[in-house]
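**Student:** Here it is, the structure in full.
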Amino acid sequence: MRHRLPELGSLLAVAVLLSVLPFTLSDYNISLVAQVGIFFVAVLGLNILTGYTGQISIGHGAFMAIGGYTTAVMSRDHDTNLVVTMLMAFAICFVVGLLVGLPALRLSGVYLALATFALAVSVPQLPLKWSKFLGGSGGVQSHRTVTHLWLYGAAWIASAILFALAWLILRGRIGRAFRAARDSEIAAVASGIELPIYKTLAFGISAAYAGVAGALFVMGTNGFAQPSEFGVFLSLQLLVGAAVAGLGSLWGILAGAAFVGLLPTVSGSVPVIGSAHGRNVVFGAAVILVMLLLPEGFAGLLTRLRRLARA
Amino acid sequence: MVAAATSRLESLCSRTAVPATSLLLLAGATGLLVGSLRSSIFAQLTVQGLALGSVYGSLALALVLVYRATHVVNFAQGELAMATTYVAWQLIQWGLSYWEAFAVTLAIAFVLGTVLQVVLIRPVQHRSVIAAVIVTVGLFILIDGVVDWVWGSALKFMPSPFGTKTYDVGGVSISRLYPGMFLVVLASVLLVWALFRFTKLGLAMRAAALRPAESALVGVRVDWMLAIGWGLAAVLGAVAGLMAEPSQFVLQPTLMQPILVYAFAAAVLGGLESPAGAVIGGLAIGVSLTLVVQYVHPITSDLQTPVAFAVLVGVLLLKPSGLFGQREVRRV
Amino acid sequence: MTALLELEDVEARYGPVHVLHGISLAVEEGSVVAVLGPNGAGKTTTLRAVSGTVRRAGRIRFAGRALDRLGPAAVARLGVAHVPEGRGTFSELTVWENLRLGGYTRRGSIQPELERVFTYFPWLSERRRQQAGTLSGGEQQMLALARAFVHRPRLLLLDEPSLGLAPVLVAELFRIVRELNEDEGLTVLVVEQNAHLALQAADAGYVLEAGRVALAGTSAELRADDSVRRSYLGY
Ligand SMILES: Nc1ncnc2c1ncn2[C@@H]1O[C@H](COP(=O)(O)OP(=O)(O)O)[C@@H](O)[C@H]1O
Ligand SMILES: [Mg+2]
């Protein structure tokens, strides 16, 4: 039990830090940190899928879109409480995720990457087709909007709950089955683990997390759900976040979420290239550098540092 | 000499011919021909679809070359093509004629593709699928950023390479653009094919992709061959970008994003390792998307990418090796 | 007379596994040298150390040039042809393409080399358009050898050429190697399980055991050695 202590300590430290932060930050910075919280939820979800079961997805922006549109449409048509819409986004995306996870069972590696990429490009086209219900390219405006502080609270409370949930899921039987699916399919099948069920389940859970992130994301854009906000770029960001995070560490996921939640915005203020147009130069270059320098992501770096400290 | 070349051609045909697939293609071609004879709109759409399809096919071929050489799916292939199209635009602004700019752009694309492989891909090539995917994703974002930084996101216009004339073929009027696109792409694809099939360099490139260790033993510099493969892919992509631009009438940073999805679908349809399959897959996707949008009413042009997605997933589920897969499959 | 190939204290490893512990050997220009030894002794690895397909340390000199820092492509370009264990033909390519790759480092036409090879292996000429993977095992071994001849190497590294071949073919194969050696002065370093054949064809030999040279000498000396007789010749 003793080796759990540092983990509990860091959890506590993060929690304290996050509850103090709003009192010291400007409104704008609160919205930035809220943004990190939103990405924390999504990256955590993607990490469950890619990191634990080894199924790659470049399509999680699509699930965020579904979650976001759930919130916007429910608020527009029924003035549903926004917190309730988050639960609905979770449930709907869980089901959609299971449905996507079924065919995904037969794909792996680059093929799954291709299929999910195409999903990411396709889903934002749907509002254009069904524009009456989904608002076309103009988007859907929710009935209510929230303050930055409200969003901050919602994002990080959701993060905490979903992190705890992920911990509960991953520490037991299900987590073992997920890892078995990744490490050796043959061994997993031989030991009687129902691989298809667990791989599909992972897709569902992961999509549900992305759905909640999407709901929060829409609240963060003044309650406005728009196809262009959920383009390919968002899916790429999430995958990058998961890769930067590495596997199975709170600090890793925080780093991944901060990387993709802050960097595109912060890059804008890098002199010369940053300015109005070149922010993706900085972001793209950072992604490549991190991948070349930290093959195991941030979590891998931590492990290496810890090993160094012990030696 | 000629006899040797023809017999080599024959052996190639007999090796790639898959009876069921050939029949399918024959049936498709017959259908297009009959339809075109009966309706002039159908004929126009077929020509347009083939022209667009050739663009998808050449980008798909670029993806296949890269995949065969390095087993990496290059998610940045489309953005690279978009960026080289901007280079061509810039060259034209500086006073080059369209076709001069075209030639210079292809040379720049070759260098760019080669350098990217050496600098960015070589270090991750033998790591996990995910690492390689992420590096190309980073490249996607980086190229997007560079284009936006250098040229901004305002729409750009290029002179039309084929003029604005239309042909009259048996009462069907066809804009010169489409046959022009088709022929330019076809010529580039054939040149690349001939390079691979008939030259020592091409043979070495194929060998390096198939069996790197054995190739090195006969003196092939494998790393360079793979880099040149990326360079050639970038050239094919540049052709795709340059030919896609006139069909969309404007140049903007999102030029190649939908086309990348069509090219993925085409590459998967043909079998990710089959060059001929990629080109034929591109033509098939181009024609069917164009016709489906016209004749199947619930499917509007907004649904083109979702349809391509459905094709991609459908092929992966039903016949993962694609229509032309299996040949020259690499050892694990 | 100086040796064409000289290994001095060569070590090699696969990852953490240390396989060669200081091998020294010399191959005179124009000679055939055999490497014998039990399975796992490091024979294959010794050849791989020369051609640069394994990480190695120590000194390797070929025709006065240091090889120990060169990769396989560079070694091949200096005139070393390595026919690896298990043949290493390009089974997806045609017979002709395989031969063409053999002559990859040669400038200009390889027509003279091809004709020379076809005098040794006439059947290859008729099969040039056949996919190499569809040849029988013995034919593929012959093709691998033919490919190495097109290369016109100064040094030929042969790894267990008799593996999986019918006895007639093995004899044929060694006859050709010997003929090339006598007619054209080709230098050969051959790893072989069949010690009878190897010592018949070779001028000198080395016996490896557990990554070290256990015994060295001319073929006649080795044939006369008791331990070699017992372990490898079986009488
Ligand atoms: N790729 C490899 N990775 C790890 N160990 C290897 C590898 N190849 C060979 N070995 C080990 O190196 C030793 C020598 O192998 P090798 O040179 O192939 O022996 P020989 O050819 O004499 O039978 C053996 O113990 C073998 O297990
Ligand atoms: Mg051996």
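All residue names refer to the structure tokens as shown: chains lettered A, B, ... in order, residues numbered from 1 in each chain, ligands numbered from 1 in order.
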Would you list the contacts of region 201-203 of chain A as JSON, numbers by chain, taking every protein, DNA or RNA residue within 9 Å and counting only C-alpha atoms, but skipping same-chain residues closer than 2 positions in sequence?
**Tutor:** {"A": [46, 48, 49, 52, 53, 55, 94, 97, 98, 99, 100, 101, 102, 104, 178, 196, 197, 198, 199, 205, 206, 207, 208]}
**Student:** May I have the residues within 10 Å of ligand 1, computed using only C-alpha atoms and all ligand atoms, as a VMD selection string?
**Tutor:** chain C and resid 12 to 20 35 to 49 54 85 159 to 160 191 to 193 208 to 211
**Student:** I'd like the contact shell of Ala132 (chain B) - 10 Å cut-off, only C-alpha atoms, skipping same-chain residues fewer than 5 positions apart - returned as a list in words.
**Tutor:**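 The neighbour list is Val110, Ile288, Met291 and Leu292 of chain A; Thr70, His71, Val72, Val73, Asn74, Phe75, Leu120, Ile121, Arg122, Pro123, Val124, Gln125, His126, Arg127, Val137 and Gly138 of chain B.
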**Student:** Give me a file of those residues, with N, CA, C and O atoms, as a compact mmCIF listing (two decimals), in the first residue's frame.
**Tutor:**
# COMPACT_ATOMS: atom_id res chain seq x y z
N VAL A 110 -3.00 0.45 -38.90
CA VAL A 110 -3.25 1.55 -39.82
C VAL A 110 -4.67 1.53 -40.36
O VAL A 110 -5.24 2.58 -40.66
N ILE A 288 5.69 17.16 -33.44
CA ILE A 288 6.71 16.30 -34.04
C ILE A 288 7.89 16.13 -33.08
O ILE A 288 8.37 15.01 -32.86
N MET A 291 7.12 13.84 -30.23
CA MET A 291 7.06 12.44 -30.66
C MET A 291 8.46 11.88 -30.90
O MET A 291 8.73 10.72 -30.62
N LEU A 292 9.35 12.72 -31.44
CA LEU A 292 10.70 12.23 -31.70
C LEU A 292 11.50 12.09 -30.41
O LEU A 292 12.32 11.19 -30.27
N THR B 70 7.64 2.40 -46.59
CA THR B 70 7.99 2.57 -45.18
C THR B 70 6.95 2.02 -44.21
O THR B 70 7.11 2.16 -43.01
N HIS B 71 5.88 1.43 -44.75
CA HIS B 71 4.78 0.94 -43.90
C HIS B 71 4.22 2.03 -42.99
O HIS B 71 3.83 1.76 -41.85
N VAL B 72 4.20 3.23 -43.51
CA VAL B 72 3.62 4.35 -42.79
C VAL B 72 2.48 4.88 -43.64
O VAL B 72 2.62 5.00 -44.86
N VAL B 73 1.32 5.16 -43.01
CA VAL B 73 0.26 5.85 -43.74
C VAL B 73 0.48 7.34 -43.52
O VAL B 73 0.49 7.81 -42.39
N ASN B 74 0.70 8.05 -44.60
CA ASN B 74 1.06 9.46 -44.46
C ASN B 74 -0.19 10.34 -44.43
O ASN B 74 -0.73 10.70 -45.47
N PHE B 75 -0.62 10.70 -43.23
CA PHE B 75 -1.81 11.53 -43.11
C PHE B 75 -1.56 12.94 -43.64
O PHE B 75 -2.48 13.69 -43.87
N LEU B 120 12.16 13.28 -40.62
CA LEU B 120 11.08 13.01 -39.66
C LEU B 120 10.67 11.55 -39.59
O LEU B 120 10.32 11.06 -38.52
N ILE B 121 10.66 10.87 -40.72
CA ILE B 121 10.08 9.54 -40.71
C ILE B 121 11.11 8.48 -40.32
O ILE B 121 10.82 7.55 -39.59
N ARG B 122 12.34 8.66 -40.80
CA ARG B 122 13.35 7.64 -40.52
C ARG B 122 13.45 7.31 -39.03
O ARG B 122 13.53 6.16 -38.66
N PRO B 123 13.42 8.34 -38.15
CA PRO B 123 13.56 8.01 -36.73
C PRO B 123 12.40 7.20 -36.16
O PRO B 123 12.58 6.51 -35.15
N VAL B 124 11.19 7.29 -36.75
CA VAL B 124 10.06 6.59 -36.14
C VAL B 124 9.57 5.40 -36.94
O VAL B 124 8.69 4.66 -36.52
N GLN B 125 10.18 5.23 -38.13
CA GLN B 125 9.72 4.19 -39.04
C GLN B 125 9.61 2.81 -38.39
O GLN B 125 8.69 2.07 -38.67
N HIS B 126 10.56 2.48 -37.53
CA HIS B 126 10.55 1.14 -36.97
C HIS B 126 9.91 1.10 -35.59
O HIS B 126 9.92 0.09 -34.92
N ARG B 127 9.36 2.24 -35.16
CA ARG B 127 8.65 2.24 -33.89
C ARG B 127 7.20 1.83 -34.14
O ARG B 127 6.88 1.30 -35.18
N VAL B 137 0.70 13.20 -38.43
CA VAL B 137 -0.35 14.12 -37.98
C VAL B 137 0.27 15.47 -37.61
O VAL B 137 -0.26 16.53 -37.96
N GLY B 138 1.41 15.42 -36.92
CA GLY B 138 2.11 16.65 -36.58
C GLY B 138 2.51 17.40 -37.85
O GLY B 138 2.41 18.62 -37.93
**Student:** Using only C-alpha atoms, pick whichever of B:Trp224, B:Trp230, B:Phe324, B:Phe249 has the shortest atom-to-atom distance to chain C.
**Tutor:**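 Among the listed residues, the smallest separation from chain C belongs to B:Trp224.
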**Student:** Apply DSSP to the structure's backbone, then extract all residues of region 14-141 of chain C labelled helix (DSSP H, G or I) and return them as a PyMOL selection string.
**Tutor:** chain C and resi 43-51+72-77+95-102+111-120+122-126+132-134+137-141
**Student:** At a cut-off of 7 Å, list the chain B residues touching chain A, using only C-alpha atoms, as a PDB file with N, CA, C and O atoms, in the first residue's frame.
**Tutor:**
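Final file, out11.pdb:
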ATOM      1  N   VAL B  73       1.316   5.159 -43.009  1.00  0.00           N
ATOM      2  CA  VAL B  73       0.257   5.847 -43.737  1.00  0.00           C
ATOM      3  C   VAL B  73       0.480   7.336 -43.521  1.00  0.00           C
ATOM      4  O   VAL B  73       0.492   7.807 -42.390  1.00  0.00           O
ATOM      5  N   VAL B 129       3.100   1.764 -34.858  1.00  0.00           N
ATOM      6  CA  VAL B 129       2.203   2.387 -35.827  1.00  0.00           C
ATOM      7  C   VAL B 129       1.777   3.758 -35.319  1.00  0.00           C
ATOM      8  O   VAL B 129       1.760   4.741 -36.052  1.00  0.00           O
ATOM      9  N   ALA B 131       3.234   5.875 -33.266  1.00  0.00           N
ATOM     10  CA  ALA B 131       4.261   6.920 -33.319  1.00  0.00           C
ATOM     11  C   ALA B 131       4.368   7.499 -34.728  1.00  0.00           C
ATOM     12  O   ALA B 131       4.416   8.718 -34.913  1.00  0.00           O
ATOM     13  N   ILE B 134       1.373   9.626 -35.551  1.00  0.00           N
ATOM     14  CA  ILE B 134       1.368  10.928 -34.893  1.00  0.00           C
ATOM     15  C   ILE B 134       2.357  11.883 -35.549  1.00  0.00           C
ATOM     16  O   ILE B 134       2.096  13.076 -35.664  1.00  0.00           O
ATOM     17  N   VAL B 135       3.499  11.373 -35.978  1.00  0.00           N
ATOM     18  CA  VAL B 135       4.442  12.276 -36.637  1.00  0.00           C
ATOM     19  C   VAL B 135       3.829  12.828 -37.930  1.00  0.00           C
ATOM     20  O   VAL B 135       3.947  14.017 -38.215  1.00  0.00           O
ATOM     21  N   VAL B 137       0.700  13.195 -38.428  1.00  0.00           N
ATOM     22  CA  VAL B 137      -0.354  14.120 -37.982  1.00  0.00           C
ATOM     23  C   VAL B 137       0.268  15.471 -37.609  1.00  0.00           C
ATOM     24  O   VAL B 137      -0.255  16.529 -37.960  1.00  0.00           O
ATOM     25  N   GLY B 138       1.406  15.416 -36.920  1.00  0.00           N
ATOM     26  CA  GLY B 138       2.110  16.653 -36.584  1.00  0.00           C
ATOM     27  C   GLY B 138       2.509  17.398 -37.848  1.00  0.00           C
ATOM     28  O   GLY B 138       2.408  18.624 -37.934  1.00  0.00           O
ATOM     29  N   LEU B 139       2.933  16.650 -38.838  1.00  0.00           N
ATOM     30  CA  LEU B 139       3.322  17.235 -40.112  1.00  0.00           C
ATOM     31  C   LEU B 139       2.120  17.896 -40.786  1.00  0.00           C
ATOM     32  O   LEU B 139       2.228  18.983 -41.364  1.00  0.00           O
ATOM     33  N   ILE B 141      -0.424  19.232 -39.278  1.00  0.00           N
ATOM     34  CA  ILE B 141      -0.667  20.499 -38.591  1.00  0.00           C
ATOM     35  C   ILE B 141       0.406  21.524 -38.971  1.00  0.00           C
ATOM     36  O   ILE B 141       0.105  22.694 -39.253  1.00  0.00           O
ATOM     37  N   LEU B 142       1.653  21.077 -39.013  1.00  0.00           N
ATOM     38  CA  LEU B 142       2.771  21.978 -39.311  1.00  0.00           C
ATOM     39  C   LEU B 142       2.622  22.588 -40.717  1.00  0.00           C
ATOM     40  O   LEU B 142       2.769  23.800 -40.901  1.00  0.00           O
ATOM     41  N   ASP B 144      -0.080  22.856 -42.533  1.00  0.00           N
ATOM     42  CA  ASP B 144      -1.217  23.761 -42.472  1.00  0.00           C
ATOM     43  C   ASP B 144      -0.795  25.121 -41.935  1.00  0.00           C
ATOM     44  O   ASP B 144      -1.135  26.165 -42.482  1.00  0.00           O
ATOM     45  N   GLY B 145      -0.030  25.085 -40.828  1.00  0.00           N
ATOM     46  CA  GLY B 145       0.434  26.315 -40.198  1.00  0.00           C
ATOM     47  C   GLY B 145       1.352  27.103 -41.113  1.00  0.00           C
ATOM     48  O   GLY B 145       1.215  28.328 -41.251  1.00  0.00           O
ATOM     49  N   VAL B 146       2.278  26.424 -41.764  1.00  0.00           N
ATOM     50  CA  VAL B 146       3.234  27.123 -42.618  1.00  0.00           C
ATOM     51  C   VAL B 146       2.512  27.811 -43.774  1.00  0.00           C
ATOM     52  O   VAL B 146       2.772  28.972 -44.093  1.00  0.00           O
ATOM     53  N   ASP B 148      -0.612  28.762 -43.874  1.00  0.00           N
ATOM     54  CA  ASP B 148      -1.390  29.867 -43.332  1.00  0.00           C
ATOM     55  C   ASP B 148      -0.480  31.047 -43.005  1.00  0.00           C
ATOM     56  O   ASP B 148      -0.821  32.216 -43.227  1.00  0.00           O
ATOM     57  N   TRP B 149       0.702  30.733 -42.500  1.00  0.00           N
ATOM     58  CA  TRP B 149       1.652  31.768 -42.092  1.00  0.00           C
ATOM     59  C   TRP B 149       2.198  32.506 -43.309  1.00  0.00           C
ATOM     60  O   TRP B 149       2.266  33.737 -43.340  1.00  0.00           O
ATOM     61  N   GLY B 152      -1.495  33.111 -45.821  1.00  0.00           N
ATOM     62  CA  GLY B 152      -2.776  33.522 -45.290  1.00  0.00           C
ATOM     63  C   GLY B 152      -3.889  32.610 -45.764  1.00  0.00           C
ATOM     64  O   GLY B 152      -3.675  31.713 -46.569  1.00  0.00           O
ATOM     65  N   VAL B 261      -9.584  11.948 -47.990  1.00  0.00           N
ATOM     66  CA  VAL B 261     -10.487  10.863 -47.588  1.00  0.00           C
ATOM     67  C   VAL B 261     -10.845  10.002 -48.797  1.00  0.00           C
ATOM     68  O   VAL B 261     -10.855   8.767 -48.723  1.00  0.00           O
ATOM     69  N   ASP B 302     -23.317  17.057 -49.888  1.00  0.00           N
ATOM     70  CA  ASP B 302     -22.816  17.117 -48.510  1.00  0.00           C
ATOM     71  C   ASP B 302     -22.436  15.737 -47.997  1.00  0.00           C
ATOM     72  O   ASP B 302     -21.673  15.615 -47.041  1.00  0.00           O
ATOM     73  N   LEU B 303     -23.012  14.713 -48.608  1.00  0.00           N
ATOM     74  CA  LEU B 303     -22.784  13.372 -48.085  1.00  0.00           C
ATOM     75  C   LEU B 303     -21.656  12.634 -48.808  1.00  0.00           C
ATOM     76  O   LEU B 303     -21.460  11.444 -48.611  1.00  0.00           O
ATOM     77  N   THR B 305     -18.320  12.783 -48.491  1.00  0.00           N
ATOM     78  CA  THR B 305     -17.317  12.166 -47.609  1.00  0.00           C
ATOM     79  C   THR B 305     -17.912  11.031 -46.789  1.00  0.00           C
ATOM     80  O   THR B 305     -17.281   9.980 -46.676  1.00  0.00           O
ATOM     81  N   PRO B 306     -19.126  11.207 -46.219  1.00  0.00           N
ATOM     82  CA  PRO B 306     -19.683  10.040 -45.515  1.00  0.00           C
ATOM     83  C   PRO B 306     -19.820   8.815 -46.424  1.00  0.00           C
ATOM     84  O   PRO B 306     -19.586   7.687 -45.976  1.00  0.00           O
ATOM     85  N   PHE B 309     -16.517   7.308 -46.757  1.00  0.00           N
ATOM     86  CA  PHE B 309     -16.238   6.636 -45.486  1.00  0.00           C
ATOM     87  C   PHE B 309     -16.905   5.265 -45.454  1.00  0.00           C
ATOM     88  O   PHE B 309     -16.297   4.262 -45.069  1.00  0.00           O
ATOM     89  N   LEU B 312     -15.030   2.926 -47.609  1.00  0.00           N
ATOM     90  CA  LEU B 312     -13.775   2.534 -46.950  1.00  0.00           C
ATOM     91  C   LEU B 312     -14.030   1.450 -45.905  1.00  0.00           C
ATOM     92  O   LEU B 312     -13.404   0.379 -45.915  1.00  0.00           O
ATOM     93  N   VAL B 313     -15.001   1.720 -45.016  1.00  0.00           N
ATOM     94  CA  VAL B 313     -15.261   0.759 -43.948  1.00  0.00           C
ATOM     95  C   VAL B 313     -15.827  -0.534 -44.530  1.00  0.00           C
ATOM     96  O   VAL B 313     -15.445  -1.641 -44.120  1.00  0.00           O
ATOM     97  N   LEU B 317     -14.201  -4.219 -44.091  1.00  0.00           N
ATOM     98  CA  LEU B 317     -14.884  -5.306 -43.397  1.00  0.00           C
ATOM     99  C   LEU B 317     -15.083  -6.517 -44.290  1.00  0.00           C
ATOM    100  O   LEU B 317     -14.963  -7.653 -43.857  1.00  0.00           O
TER     101      LEU B 317
END
**Student:** Could you pull out the residues in region 64-169 of chain C that DSSP calls strand (DSSP E) from the backbone, as a JSON list (two decimals) with N, CA, C and O atoms, in the first residue's frame?
**Tutor:**
[["chain", "number", "residue", "atom", "x", "y", "z"],
["C", 65, "ARG", "N", 41.21, -2.39, -47.00],
["C", 65, "ARG", "CA", 40.30, -1.38, -46.46],
["C", 65, "ARG", "C", 39.62, -1.89, -45.21],
["C", 65, "ARG", "O", 39.31, -3.07, -45.10],
["C", 66, "ALA", "N", 39.39, -0.99, -44.27],
["C", 66, "ALA", "CA", 38.71, -1.39, -43.05],
["C", 66, "ALA", "C", 37.21, -1.50, -43.33],
["C", 66, "ALA", "O", 36.61, -0.60, -43.89],
["C", 80, "VAL", "N", 32.00, -7.54, -52.17],
["C", 80, "VAL", "CA", 31.73, -8.71, -51.35],
["C", 80, "VAL", "C", 30.29, -9.14, -51.60],
["C", 80, "VAL", "O", 29.37, -8.33, -51.45],
["C", 81, "ALA", "N", 30.08, -10.37, -52.02],
["C", 81, "ALA", "CA", 28.72, -10.86, -52.21],
["C", 81, "ALA", "C", 28.42, -11.87, -51.12],
["C", 81, "ALA", "O", 29.18, -12.81, -50.90],
["C", 82, "HIS", "N", 27.32, -11.67, -50.42],
["C", 82, "HIS", "CA", 26.93, -12.54, -49.30],
["C", 82, "HIS", "C", 25.65, -13.27, -49.69],
["C", 82, "HIS", "O", 24.62, -12.65, -49.89],
["C", 83, "VAL", "N", 25.74, -14.58, -49.82],
["C", 83, "VAL", "CA", 24.53, -15.37, -50.03],
["C", 83, "VAL", "C", 24.12, -15.90, -48.67],
["C", 83, "VAL", "O", 24.75, -16.82, -48.14],
["C", 155, "LEU", "N", 35.10, -11.34, -53.31],
["C", 155, "LEU", "CA", 34.95, -12.31, -52.22],
["C", 155, "LEU", "C", 33.49, -12.76, -52.17],
["C", 155, "LEU", "O", 32.58, -11.93, -52.17],
["C", 156, "LEU", "N", 33.31, -14.07, -52.13],
["C", 156, "LEU", "CA", 31.96, -14.62, -52.03],
["C", 156, "LEU", "C", 31.78, -15.24, -50.65],
["C", 156, "LEU", "O", 32.58, -16.08, -50.23],
["C", 157, "LEU", "N", 30.74, -14.81, -49.93],
["C", 157, "LEU", "CA", 30.42, -15.40, -48.64],
["C", 157, "LEU", "C", 29.23, -16.32, -48.84],
["C", 157, "LEU", "O", 28.17, -15.88, -49.27],
["C", 158, "LEU", "N", 29.42, -17.61, -48.54],
["C", 158, "LEU", "CA", 28.35, -18.58, -48.78],
["C", 158, "LEU", "C", 27.95, -19.19, -47.45],
["C", 158, "LEU", "O", 28.78, -19.77, -46.75],
["C", 159, "ASP", "N", 26.67, -19.11, -47.09],
["C", 159, "ASP", "CA", 26.23, -19.65, -45.81],
["C", 159, "ASP", "C", 25.39, -20.91, -46.02],
["C", 159, "ASP", "O", 24.26, -20.82, -46.49]]
**Student:** Once you count only C-alpha atoms, which residues of chain C turn out to be within 6 Å of chain B? Could you give them as a ChimeraX atom specification?
**Tutor:** /C:72-73,76-77,88,92,102
**Student:** Interatomic distance between CA of Val190 (chain C) and CA of Ala202 (chain C)?
**Tutor:** 8.5 Å
**Student:** Between CA of Val146 (chain A) and CA of Ser228 (chain A), what distance in Å does the model show, to one decimal?
**Tutor:**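 Distance between the two atoms: 21.3 Å.
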